[in-house]
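What follows is structure_10.txt (compact mmCIF, C-alpha atoms (C1' of nucleotides)).
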# COMPACT_ATOMS: atom_id res chain seq x y z
CA MET A 8 0.24 202.28 -127.44
CA SER A 9 -2.78 204.44 -126.88
CA GLN A 10 -6.24 203.47 -128.02
CA LYS A 11 -7.73 205.01 -131.10
CA SER A 12 -9.43 208.26 -130.22
CA MET A 13 -11.50 210.77 -132.10
CA LYS A 14 -8.94 213.42 -131.39
CA GLY A 15 -5.54 213.67 -132.98
CA MET A 16 -2.44 212.59 -131.18
CA GLN A 17 0.16 214.78 -129.57
CA LEU A 18 2.91 216.22 -131.70
CA ALA A 19 5.65 214.08 -130.19
CA GLU A 20 3.81 210.87 -130.92
CA ALA A 21 2.75 211.95 -134.38
CA LYS A 22 6.30 212.89 -135.17
CA SER A 23 7.73 209.58 -134.11
CA GLN A 24 5.02 207.73 -136.03
CA PHE A 25 5.88 209.72 -139.11
CA ILE A 26 9.57 209.04 -138.71
CA ALA A 27 8.97 205.34 -138.21
CA ASN A 28 6.74 205.08 -141.26
CA TRP A 29 8.94 207.16 -143.53
CA GLY A 30 11.81 204.91 -142.50
CA ARG A 31 9.82 201.76 -143.15
CA PHE A 32 8.80 202.83 -146.64
CA GLY A 33 12.14 204.39 -147.47
CA SER A 34 13.77 201.00 -147.38
CA ASN A 35 11.67 199.91 -150.38
CA TRP A 36 13.16 202.84 -152.25
CA GLY A 37 16.84 202.05 -152.26
CA ILE A 38 17.35 204.32 -149.28
CA ASN A 39 18.27 202.87 -145.94
CA ARG A 40 16.04 203.10 -142.92
CA THR A 41 18.17 205.50 -140.93
CA MET A 42 18.67 207.78 -143.88
CA ALA A 43 14.92 207.93 -144.43
CA GLN A 44 14.37 208.59 -140.72
CA ILE A 45 16.81 211.47 -140.68
CA HIS A 46 15.08 212.82 -143.75
CA ALA A 47 11.70 212.52 -142.05
CA LEU A 48 12.98 214.26 -138.94
CA LEU A 49 14.32 217.17 -140.95
CA LEU A 50 11.15 217.35 -143.03
CA VAL A 51 9.07 218.13 -139.97
CA SER A 52 11.59 220.31 -138.14
CA PRO A 53 10.94 224.03 -138.43
CA ASP A 54 14.62 224.78 -137.95
CA ALA A 55 17.81 223.26 -139.20
CA LEU A 56 19.24 220.67 -136.79
CA SER A 57 22.81 219.94 -135.80
CA ALA A 58 24.32 216.47 -136.04
CA ASP A 59 24.06 216.24 -132.25
CA GLU A 60 20.36 216.97 -132.31
CA VAL A 61 19.83 214.32 -134.95
CA MET A 62 21.86 211.81 -132.92
CA GLU A 63 19.94 212.61 -129.81
CA GLU A 64 16.49 212.52 -131.39
CA LEU A 65 17.02 209.26 -133.29
CA GLN A 66 19.38 207.64 -130.79
CA ILE A 67 22.09 206.91 -133.28
CA SER A 68 25.87 207.23 -133.19
CA ARG A 69 27.89 210.14 -134.46
CA GLY A 70 29.39 208.15 -137.32
CA ASN A 71 26.01 206.93 -138.44
CA ALA A 72 24.51 210.41 -138.35
CA ASN A 73 27.44 211.85 -140.24
CA MET A 74 27.39 209.20 -142.92
CA ASN A 75 23.68 209.32 -143.59
CA LEU A 76 23.55 213.10 -143.56
CA ARG A 77 26.30 213.08 -146.11
CA GLU A 78 24.40 210.67 -148.29
CA LEU A 79 21.23 212.75 -148.03
CA ILE A 80 23.24 215.76 -149.18
CA ASP A 81 24.55 213.62 -152.01
CA TRP A 82 20.99 212.84 -153.07
CA GLY A 83 20.25 216.55 -153.00
CA LEU A 84 17.59 216.13 -150.31
CA VAL A 85 19.36 217.92 -147.47
CA GLN A 86 21.51 221.02 -147.29
CA LYS A 87 24.05 222.29 -144.82
CA VAL A 88 23.14 225.57 -143.22
CA ILE A 89 25.57 228.00 -141.69
CA VAL A 90 24.20 229.73 -138.62
CA ALA A 91 25.82 233.03 -137.72
CA GLY A 92 27.79 232.82 -134.52
CA GLU A 93 27.61 229.02 -134.36
CA ARG A 94 30.60 226.93 -135.10
CA LYS A 95 28.84 223.68 -135.85
CA GLU A 96 26.96 222.81 -139.01
CA PHE A 97 23.21 222.57 -139.24
CA PHE A 98 21.12 220.56 -141.65
CA THR A 99 17.82 221.25 -143.29
CA ALA A 100 15.61 219.43 -145.80
CA GLU A 101 13.58 220.78 -148.69
CA LYS A 102 9.97 220.62 -147.53
CA ASP A 103 8.13 220.98 -150.83
CA ILE A 104 7.34 217.37 -151.65
CA TRP A 105 7.02 218.00 -155.35
CA LYS A 106 10.62 219.21 -155.35
CA VAL A 107 11.67 216.24 -153.22
CA ALA A 108 10.01 213.79 -155.59
CA ARG A 109 11.54 215.49 -158.59
CA GLN A 110 14.96 215.31 -157.02
CA ILE A 111 14.57 211.62 -156.21
CA VAL A 112 13.44 210.88 -159.75
CA LYS A 113 16.39 212.81 -161.09
CA GLU A 114 18.91 210.95 -158.96
CA ARG A 115 17.43 207.53 -159.53
CA LYS A 116 17.30 208.12 -163.24
CA LYS A 117 20.96 209.04 -163.15
CA ARG A 118 21.89 206.01 -161.05
CA GLU A 119 19.70 203.44 -162.76
CA LEU A 120 18.08 204.20 -166.08
CA ASP A 121 21.06 206.10 -167.48
CA LEU A 122 23.29 203.14 -166.65
CA MET A 123 20.86 200.53 -167.95
CA ILE A 124 20.24 202.07 -171.38
CA PRO A 125 23.81 201.61 -172.68
CA VAL A 126 23.79 198.02 -171.45
CA LEU A 127 20.59 197.32 -173.36
CA LYS A 128 22.07 198.89 -176.45
CA GLU A 129 25.10 196.64 -176.15
CA LEU A 130 22.90 193.57 -175.69
CA SER A 131 20.70 194.47 -178.65
CA ASP A 132 22.95 193.11 -181.29
CA VAL A 133 23.66 189.62 -180.14
CA GLU A 134 25.09 187.32 -182.80
CA GLY A 135 23.21 184.33 -184.12
CA ASP A 136 20.54 182.99 -186.38
CA LYS A 137 17.35 185.03 -186.10
CA LYS A 138 15.40 181.89 -186.83
CA ASP A 139 16.66 180.35 -183.61
CA ARG A 140 13.85 180.78 -181.09
CA ALA A 141 16.28 181.41 -178.24
CA VAL A 142 17.95 184.21 -180.17
CA LYS A 143 14.65 185.65 -181.31
CA THR A 144 13.14 185.71 -177.84
CA PHE A 145 16.26 187.30 -176.45
CA THR A 146 16.51 190.05 -179.03
CA ASP A 147 12.79 190.74 -178.99
CA THR A 148 12.72 191.06 -175.22
CA ILE A 149 15.78 193.29 -175.07
CA GLN A 150 14.41 195.43 -177.84
CA ASN A 151 11.11 195.74 -176.02
CA ILE A 152 12.81 196.75 -172.79
CA ARG A 153 14.98 199.19 -174.67
CA LYS A 154 12.06 200.93 -176.31
CA PHE A 155 10.28 201.13 -173.01
CA SER A 156 13.35 202.54 -171.27
CA GLU A 157 13.89 205.19 -173.91
CA GLN A 158 10.29 206.26 -173.67
CA ALA A 159 10.54 206.41 -169.88
CA ASP A 160 13.77 208.36 -170.18
CA LYS A 161 12.07 211.12 -172.16
CA THR A 162 9.05 211.21 -169.92
CA LEU A 163 11.13 211.45 -166.76
CA ASP A 164 13.22 214.24 -168.23
CA THR A 165 10.04 216.18 -168.79
CA MET A 166 8.89 215.58 -165.26
CA ILE A 167 12.27 216.63 -163.87
CA LYS A 168 11.91 219.98 -165.54
CA ALA A 169 8.22 220.44 -164.87
CA ASP A 170 6.40 222.80 -162.61
CA GLU A 171 4.08 220.99 -160.22
CA HIS A 172 0.85 222.73 -161.12
CA TRP A 173 1.39 222.35 -164.83
CA PHE A 174 2.35 218.70 -164.46
CA TRP A 175 -0.63 217.52 -162.43
CA SER A 176 -3.19 219.62 -164.17
CA SER A 177 -1.99 218.41 -167.56
CA LEU A 178 -2.18 214.82 -166.43
CA MET A 179 -5.60 215.30 -164.92
CA LYS A 180 -6.96 216.98 -168.01
CA LEU A 181 -5.57 214.21 -170.12
CA PHE A 182 -6.67 211.32 -167.99
CA GLY A 183 -9.95 212.85 -167.01
CA ALA A 184 -10.80 213.30 -170.66
CA LYS A 185 -10.44 209.61 -171.30
CA HIS A 186 -13.47 208.25 -169.45
CA MET B 19 34.00 182.46 -185.97
CA SER B 20 35.97 185.67 -185.46
CA GLN B 21 37.09 186.26 -181.89
CA LYS B 22 37.24 190.04 -181.86
CA SER B 23 34.72 191.72 -184.09
CA MET B 24 32.45 194.70 -184.32
CA LYS B 25 29.55 192.34 -184.03
CA GLY B 26 27.64 191.58 -180.85
CA MET B 27 28.43 188.87 -178.37
CA GLN B 28 27.21 185.30 -178.32
CA LEU B 29 23.80 184.52 -176.93
CA ALA B 30 25.11 182.76 -173.83
CA GLU B 31 27.23 185.70 -172.82
CA ALA B 32 24.56 188.26 -173.61
CA LYS B 33 22.08 186.28 -171.58
CA SER B 34 24.27 186.12 -168.53
CA GLN B 35 25.07 189.82 -168.82
CA PHE B 36 21.39 190.58 -168.97
CA ILE B 37 20.65 188.39 -165.95
CA ALA B 38 23.46 189.97 -163.96
CA ASN B 39 22.32 193.50 -164.77
CA TRP B 40 18.65 192.87 -164.18
CA GLY B 41 19.62 191.40 -160.82
CA ARG B 42 21.82 194.33 -159.96
CA PHE B 43 19.12 196.89 -160.71
CA GLY B 44 16.32 194.82 -159.26
CA SER B 45 17.80 195.21 -155.82
CA ASN B 46 17.15 198.97 -155.96
CA TRP B 47 13.51 198.15 -156.54
CA GLY B 48 12.53 196.28 -153.41
CA ILE B 49 13.09 192.99 -155.19
CA ASN B 50 15.97 190.79 -154.22
CA ARG B 51 18.80 189.96 -156.54
CA THR B 52 17.95 186.31 -157.05
CA MET B 53 14.30 187.07 -157.65
CA ALA B 54 15.26 189.59 -160.31
CA GLN B 55 17.69 187.11 -161.88
CA ILE B 56 15.06 184.40 -162.11
CA HIS B 57 12.74 186.96 -163.64
CA ALA B 58 15.40 187.94 -166.17
CA LEU B 59 16.06 184.32 -167.05
CA LEU B 60 12.39 183.65 -167.69
CA LEU B 61 12.03 186.89 -169.66
CA VAL B 62 14.50 185.70 -172.25
CA SER B 63 13.52 182.02 -172.31
CA PRO B 64 11.33 181.04 -175.22
CA ASP B 65 9.81 178.20 -173.23
CA ALA B 66 8.64 177.79 -169.69
CA LEU B 67 11.35 176.40 -167.40
CA SER B 68 11.14 173.90 -164.56
CA ALA B 69 12.48 174.64 -161.09
CA ASP B 70 15.38 172.30 -161.86
CA GLU B 71 16.29 174.23 -164.97
CA VAL B 72 16.24 177.51 -163.03
CA MET B 73 18.41 175.98 -160.28
CA GLU B 74 20.85 174.65 -162.81
CA GLU B 75 21.08 177.81 -164.88
CA LEU B 76 21.51 180.18 -161.93
CA GLN B 77 23.34 177.77 -159.65
CA ILE B 78 21.01 178.18 -156.73
CA SER B 79 19.46 175.74 -154.29
CA ARG B 80 16.07 174.16 -154.56
CA GLY B 81 14.69 176.07 -151.58
CA ASN B 82 15.89 179.35 -152.95
CA ALA B 83 14.42 178.70 -156.39
CA ASN B 84 11.13 177.62 -154.92
CA MET B 85 10.84 180.59 -152.62
CA ASN B 86 11.71 183.22 -155.21
CA LEU B 87 9.50 181.66 -157.88
CA ARG B 88 6.66 181.76 -155.41
CA GLU B 89 7.29 185.40 -154.70
CA LEU B 90 7.43 186.23 -158.40
CA ILE B 91 4.06 184.55 -158.80
CA ASP B 92 2.85 186.62 -155.87
CA TRP B 93 3.93 189.76 -157.65
CA GLY B 94 2.03 188.60 -160.72
CA LEU B 95 5.19 188.53 -162.83
CA VAL B 96 5.45 184.78 -163.34
CA GLN B 97 2.89 182.05 -163.97
CA LYS B 98 2.91 178.31 -163.51
CA VAL B 99 2.40 176.38 -166.68
CA ILE B 100 1.09 172.84 -166.88
CA VAL B 101 2.73 170.81 -169.62
CA ALA B 102 0.76 167.82 -170.86
CA GLY B 103 2.38 164.57 -169.95
CA GLU B 104 4.84 166.18 -167.53
CA ARG B 105 4.48 165.82 -163.83
CA LYS B 106 6.57 168.76 -162.77
CA GLU B 107 5.59 172.40 -162.92
CA PHE B 108 6.98 174.90 -165.38
CA PHE B 109 7.28 178.65 -165.04
CA THR B 110 6.97 181.43 -167.53
CA ALA B 111 7.14 185.24 -167.35
CA GLU B 112 5.07 187.86 -169.16
CA LYS B 113 7.37 189.28 -171.84
CA ASP B 114 5.54 192.48 -172.73
CA ILE B 115 7.44 195.03 -170.68
CA TRP B 116 4.58 197.48 -170.61
CA LYS B 117 2.47 194.84 -168.89
CA VAL B 118 5.34 194.00 -166.56
CA ALA B 119 5.78 197.65 -165.59
CA ARG B 120 2.07 198.07 -165.08
CA GLN B 121 1.97 195.03 -162.85
CA ILE B 122 4.91 196.26 -160.78
CA VAL B 123 3.30 199.68 -160.38
CA LYS B 124 0.06 198.00 -159.35
CA GLU B 125 1.72 195.85 -156.72
CA ARG B 126 3.94 198.55 -155.32
CA LYS B 127 1.02 200.92 -155.10
CA LYS B 128 -0.87 198.27 -153.16
CA ARG B 129 2.05 197.57 -150.86
CA GLU B 130 3.23 201.13 -150.30
CA LEU B 131 1.04 204.04 -151.32
CA ASP B 132 -2.21 202.39 -150.24
CA LEU B 133 -0.70 201.76 -146.81
CA MET B 134 0.87 205.18 -146.51
CA ILE B 135 -2.25 207.23 -147.31
CA PRO B 136 -4.25 206.18 -144.24
CA VAL B 137 -1.24 206.84 -142.03
CA LEU B 138 -0.95 210.37 -143.42
CA LYS B 139 -4.64 210.89 -142.85
CA GLU B 140 -4.24 209.83 -139.23
CA LEU B 141 -1.26 212.13 -138.77
CA SER B 142 -3.04 215.09 -140.35
CA ASP B 143 -4.96 216.07 -137.31
CA VAL B 144 -2.34 216.35 -134.66
CA GLU B 145 -3.40 218.24 -131.55
CA GLY B 146 -1.81 221.51 -130.58
CA ASP B 147 -1.58 225.21 -131.08
CA LYS B 148 -1.40 226.08 -134.76
CA LYS B 149 0.70 229.07 -133.84
CA ASP B 150 3.40 226.77 -132.55
CA ARG B 151 6.01 226.60 -135.30
CA ALA B 152 6.73 222.94 -134.59
CA VAL B 153 3.04 222.08 -134.96
CA LYS B 154 2.64 224.23 -138.02
CA THR B 155 5.64 222.73 -139.81
CA PHE B 156 4.48 219.25 -139.00
CA THR B 157 0.92 219.71 -140.20
CA ASP B 158 1.97 221.62 -143.30
CA THR B 159 4.47 218.97 -144.30
CA ILE B 160 2.08 216.10 -143.71
CA GLN B 161 -0.64 217.90 -145.61
CA ASN B 162 1.73 218.52 -148.49
CA ILE B 163 2.77 214.87 -148.61
CA ARG B 164 -0.84 213.83 -148.39
CA LYS B 165 -1.92 215.98 -151.31
CA PHE B 166 0.97 214.70 -153.36
CA SER B 167 0.18 211.09 -152.50
CA GLU B 168 -3.45 211.46 -153.41
CA GLN B 169 -2.56 213.01 -156.72
CA ALA B 170 -0.06 210.21 -157.40
CA ASP B 171 -2.68 207.66 -156.40
CA LYS B 172 -5.07 208.87 -159.10
CA THR B 173 -2.37 209.10 -161.73
CA LEU B 174 -1.09 205.60 -161.04
CA ASP B 175 -4.60 204.18 -161.19
CA THR B 176 -4.94 205.67 -164.64
CA MET B 177 -1.65 204.17 -165.71
CA ILE B 178 -2.57 200.77 -164.33
CA LYS B 179 -5.63 200.71 -166.54
CA ALA B 180 -4.01 202.29 -169.58
CA ASP B 181 -3.14 200.84 -172.91
CA GLU B 182 0.52 201.36 -173.78
CA HIS B 183 0.11 203.15 -177.05
CA TRP B 184 -2.49 205.53 -175.70
CA PHE B 185 -0.43 206.24 -172.62
CA TRP B 186 2.86 207.12 -174.29
CA SER B 187 1.37 208.96 -177.20
CA SER B 188 -0.75 211.07 -174.85
CA LEU B 189 2.25 211.92 -172.76
CA MET B 190 4.36 212.73 -175.77
CA LYS B 191 1.72 214.95 -177.26
CA LEU B 192 1.34 216.74 -173.97
CA PHE B 193 4.98 217.13 -173.14
CA GLY B 194 6.11 217.75 -176.69
CA ALA B 195 3.71 220.68 -176.88
CA LYS B 196 5.22 222.40 -173.90
CA HIS B 197 8.90 222.68 -174.82
C1' DC C 29 -2.22 151.41 -150.75
C1' DT C 30 2.65 152.27 -152.03
C1' DG C 31 6.49 154.40 -153.57
C1' DA C 32 8.54 157.49 -156.87
C1' DA C 33 8.37 162.18 -158.35
C1' DC C 34 7.92 166.31 -157.19
C1' DT C 35 7.18 170.64 -153.99
C1' DT C 36 7.40 173.05 -149.67
C1' DT C 37 9.26 174.24 -145.26
C1' DC C 38 12.42 176.02 -142.06
C1' DA C 39 16.38 176.06 -138.82
C1' DA C 40 21.02 176.83 -139.30
C1' DA C 41 24.80 178.90 -142.07
C1' DA C 42 26.53 182.35 -145.04
C1' DA C 43 26.48 186.65 -147.11
C1' DT C 44 25.41 191.59 -146.85
C1' DA C 45 24.39 195.78 -144.90
C1' DT C 46 24.40 198.85 -141.15
C1' DT C 47 26.10 200.81 -136.94
C1' DT C 48 29.35 201.96 -133.49
C1' DG C 49 32.89 204.68 -131.29
C1' DA C 50 37.39 205.96 -130.75
C1' DA C 51 41.14 207.90 -133.28
C1' DA C 52 42.49 210.92 -136.86
C1' DG C 53 41.60 215.02 -139.30
C1' DT C 54 40.12 219.84 -139.81
C1' DT C 55 38.86 224.49 -138.67
C1' DT C 56 38.75 228.54 -135.96
C1' DG C 57 39.37 231.87 -132.18
C1' DT C 58 42.83 233.76 -129.43
C1' DA D 20 51.16 228.26 -132.78
C1' DC D 21 47.97 226.08 -129.74
C1' DA D 22 44.02 223.85 -128.30
C1' DA D 23 39.11 223.53 -128.14
C1' DA D 24 35.30 222.54 -131.08
C1' DC D 25 33.79 220.19 -134.39
C1' DT D 26 33.71 216.59 -138.45
C1' DT D 27 35.25 212.50 -140.81
C1' DT D 28 37.00 207.92 -141.16
C1' DC D 29 37.04 203.07 -140.79
C1' DA D 30 37.86 198.51 -138.63
C1' DA D 31 35.32 195.80 -135.73
C1' DA D 32 30.78 194.57 -133.89
C1' DT D 33 25.84 193.96 -134.78
C1' DA D 34 21.86 193.36 -137.22
C1' DT D 35 19.41 191.95 -141.18
C1' DT D 36 18.67 189.41 -145.28
C1' DT D 37 19.42 185.64 -148.12
C1' DT D 38 20.66 180.95 -149.06
C1' DT D 39 21.15 176.20 -148.21
C1' DG D 40 19.75 171.44 -147.93
C1' DA D 41 17.71 167.85 -145.70
C1' DA D 42 13.36 166.49 -143.89
C1' DA D 43 8.52 166.73 -144.23
C1' DG D 44 4.68 167.15 -147.15
C1' DT D 45 1.98 166.27 -151.35
C1' DT D 46 0.43 164.10 -155.53
C1' DC D 47 -0.35 160.56 -158.55
C1' DA D 48 0.33 156.26 -161.48
C1' DG D 49 0.02 151.64 -161.05
Starting from the file, give its structure as structure tokens.
Amino acid sequence: MSQKSMKGMQLAEAKSQFIANWGRFGSNWGINRTMAQIHALLLVSPDALSADEVMEELQISRGNANMNLRELIDWGLVQKVIVAGERKEFFTAEKDIWKVARQIVKERKKRELDLMIPVLKELSDVEGDKKDRAVKTFTDTIQNIRKFSEQADKTLDTMIKADEHWFWSSLMKLFGAKH
Amino acid sequence: MSQKSMKGMQLAEAKSQFIANWGRFGSNWGINRTMAQIHALLLVSPDALSADEVMEELQISRGNANMNLRELIDWGLVQKVIVAGERKEFFTAEKDIWKVARQIVKERKKRELDLMIPVLKELSDVEGDKKDRAVKTFTDTIQNIRKFSEQADKTLDTMIKADEHWFWSSLMKLFGAKH
DNA sequence: CTGAACTTTCAAAAATATTTGAAAGTTTGT
DNA sequence: ACAAACTTTCAAATATTTTTGAAAGTTCAG
């Protein structure tokens, strides 16, 4: 790789760095590396890309491209675009990161928190003597997690509906006021 | 007593359900299943457990238990406990979920956001004609992600330092007022 | 110092997840 | 209806992650 310079790098290099990094971090987020890379590629592409262009750019197979594009659509992060006069499908990603983050929060809440809350409710009323330390620790911990989850549930719902400017400026006012 | 009742399940079953679920969800969070299961086990154990007890309860090998306990300590979620008169080490987990969540946010921020921000900074000043749509889309998207990340960085720092009651009640006041 | 008790390491095995590519399926223009 | 253009499927191959367990390392009481 090139040495660090005062000037920025060329677009092609910057793009592949971005794709590599987005892919690396994506895998900590329950999203697989290729999916995150396709997402990154579409995020920085001015125009919608075809499956072939994605395959070519990322050097992946047709099946892989198809499957991950489908999953990105499923997550609401990518849309199909119909181009007049073209037979094949094109794909484009929402570029406003606030909307992307909101969408991810929305989907993860649906896939995780909304499934966990009923389980916690079920586990809340375990049988047994409340004087038994094992029972007490169990019920206290579950109750604590449950309260936390319900609080988080409400907060995330608010965020999902929020406008970016209102959200950040409210938080900043609030948190700034504290010190 | 009664086999089928409206009442909750027995402790042993509830415990294993909780461990299984915490493990299942943990894997969406950059934490592996066994690590999350050990964490769950310690969360509901009134006393600190030895490595042997963890191995026995979760039916895992010594190496696996050792490695995942070490990683949990690394994440700041589990501590070693010295028990007077005992030679072996015992392990215990913080049970206050607010503290657990704060610790997870702190670590993930350190491992992800704090690494991503400098990369975005580097990618911000790509060379090239700003009239070129490819260049413009790239720089705009990176800039957008960067702004978002810096905003999130500040907000998470506030949360990491916050007291639970203050945090939730502030958010509720704020968000409740909006409707 | 010695050996029992305990912890850590790590190469090989097992389990999981991802990717490939060719065949099957679908759509559309003529 | 036909066939070219395109998309989807999925079983097999690959890659990655996790787990095992025995050996090496450490600690400590006597």
Inset, instruction - Fewer than 6 positions away in the same chain doesn't count, so skip those; otherwise give me all residues within 8 Å of range 170-181 of chain A, counting all atoms listed in the file, as a list in words. - result: Trp105 of chain A; Gln169, Thr173, Ser188 and Leu192 of chain B
Inset, instruction - For chain C, list the residues within 8 Å of chain B, counting all atoms listed in the file, and write the list as JSON, numbers by chain. - result: {"C": [33, 34, 36]}
Inset, instruction - Pair the Cα atoms of chain A and chain B in order, fit the first onto the second, and let me know the RMSD in Å. - result: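 Least-squares fit of chain A onto chain B, C-alpha RMSD 1.8 Å.
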Inset, instruction - Find the residues in chain B near chain A: any atom within 6 Å counts, using only C-alpha atoms. Write them as a ChimeraX atom specification. - result: /B:26-28,32,46,48,62,64,141,143-145,152,155-156
Legend entry - Pick from D:DT27, D:DC21, D:DA48, D:DT33, whichever lies nearest to chain B using all atoms listed in the file: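 The shortest atom-to-atom distance to chain B comes from D:DA48.
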For DA39 in chain C, please output as a compact mmCIF listing (two decimals) with C-alpha atoms (C1' of nucleotides), keeping the file's coordinate frame all residues within 12 Å (counting all atoms listed in the file; exclusion window: fewer than 2 positions along the same chain).
# COMPACT_ATOMS: atom_id res chain seq x y z
C1' DT C 37 9.26 174.24 -145.26
C1' DA C 41 24.80 178.90 -142.07
C1' DT D 39 21.15 176.20 -148.21
C1' DG D 40 19.75 171.44 -147.93
C1' DA D 41 17.71 167.85 -145.70
C1' DA D 42 13.36 166.49 -143.89
Each residue of chain D with at least one atom at most 9 Å from chain A should appear once, together with its nearest atom pair and the corresponding distance in Å (one decimal); atoms considered: only C-alpha atoms (C1' of nucleotides); ordering: chain, then increasing residue number; output as CSV.
residue,atom,partner,partner_atom,distance
D:DA24,C1',A:Arg94,CA,7.6
D:DC25,C1',A:Lys95,CA,6.2
D:DT26,C1',A:Asn73,CA,8.1
D:DT27,C1',A:Asn73,CA,7.9
D:DT28,C1',A:Gly70,CA,8.5
Inset, instruction - Scan for residues within 12 Å of the point (21.5, 213.5, -150.1) in the coordinates of the file, using all atoms listed in the file, and reply as an MDAnalysis selection string. - result: chainID A and resid 38:39 42:43 45:46 73:87 98:101 107 110:111 114:115
Inset, instruction - Excluding range 42-51 of chain C and residues on its chain fewer than 3 positions from it, collect all residues at most 10 Å away from it, counting only C-alpha atoms (C1' of nucleotides), and give them as a PyMOL selection string. - result: (chain A and resi 39-41+67-72) or (chain D and resi 28-29+31-39)
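Separating CA of Lys128 in chain A from CA of Val123 in chain B is a distance of 24.7 Å.
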Legend entry - Two-atom distance - CA of Lys116 in chain A, CA of Lys168 in chain A (Å):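 Value for the CA of Lys116 in chain A-CA of Lys168 in chain A distance: 13.2 Å.
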3 Å per side around range 157-160 of chain A: axis-aligned box centre and edge lengths, as JSON:
{"center_x": 12.1, "center_y": 206.8, "center_z": -171.9, "size_x": 9.6, "size_y": 9.2, "size_z": 10.0}
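We find C1' of DA43 in chain D and CA of Leu76 in chain B to be spaced 25.7 Å apart.
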Inset, instruction - Compare A:Ile124, A:Ile26, A:Ile167, A:Ile89 by their minimum atom-to-atom distance to Ala55 in chain A, counting all atoms listed in the file, and give me the closest one. - result: A:Ile89
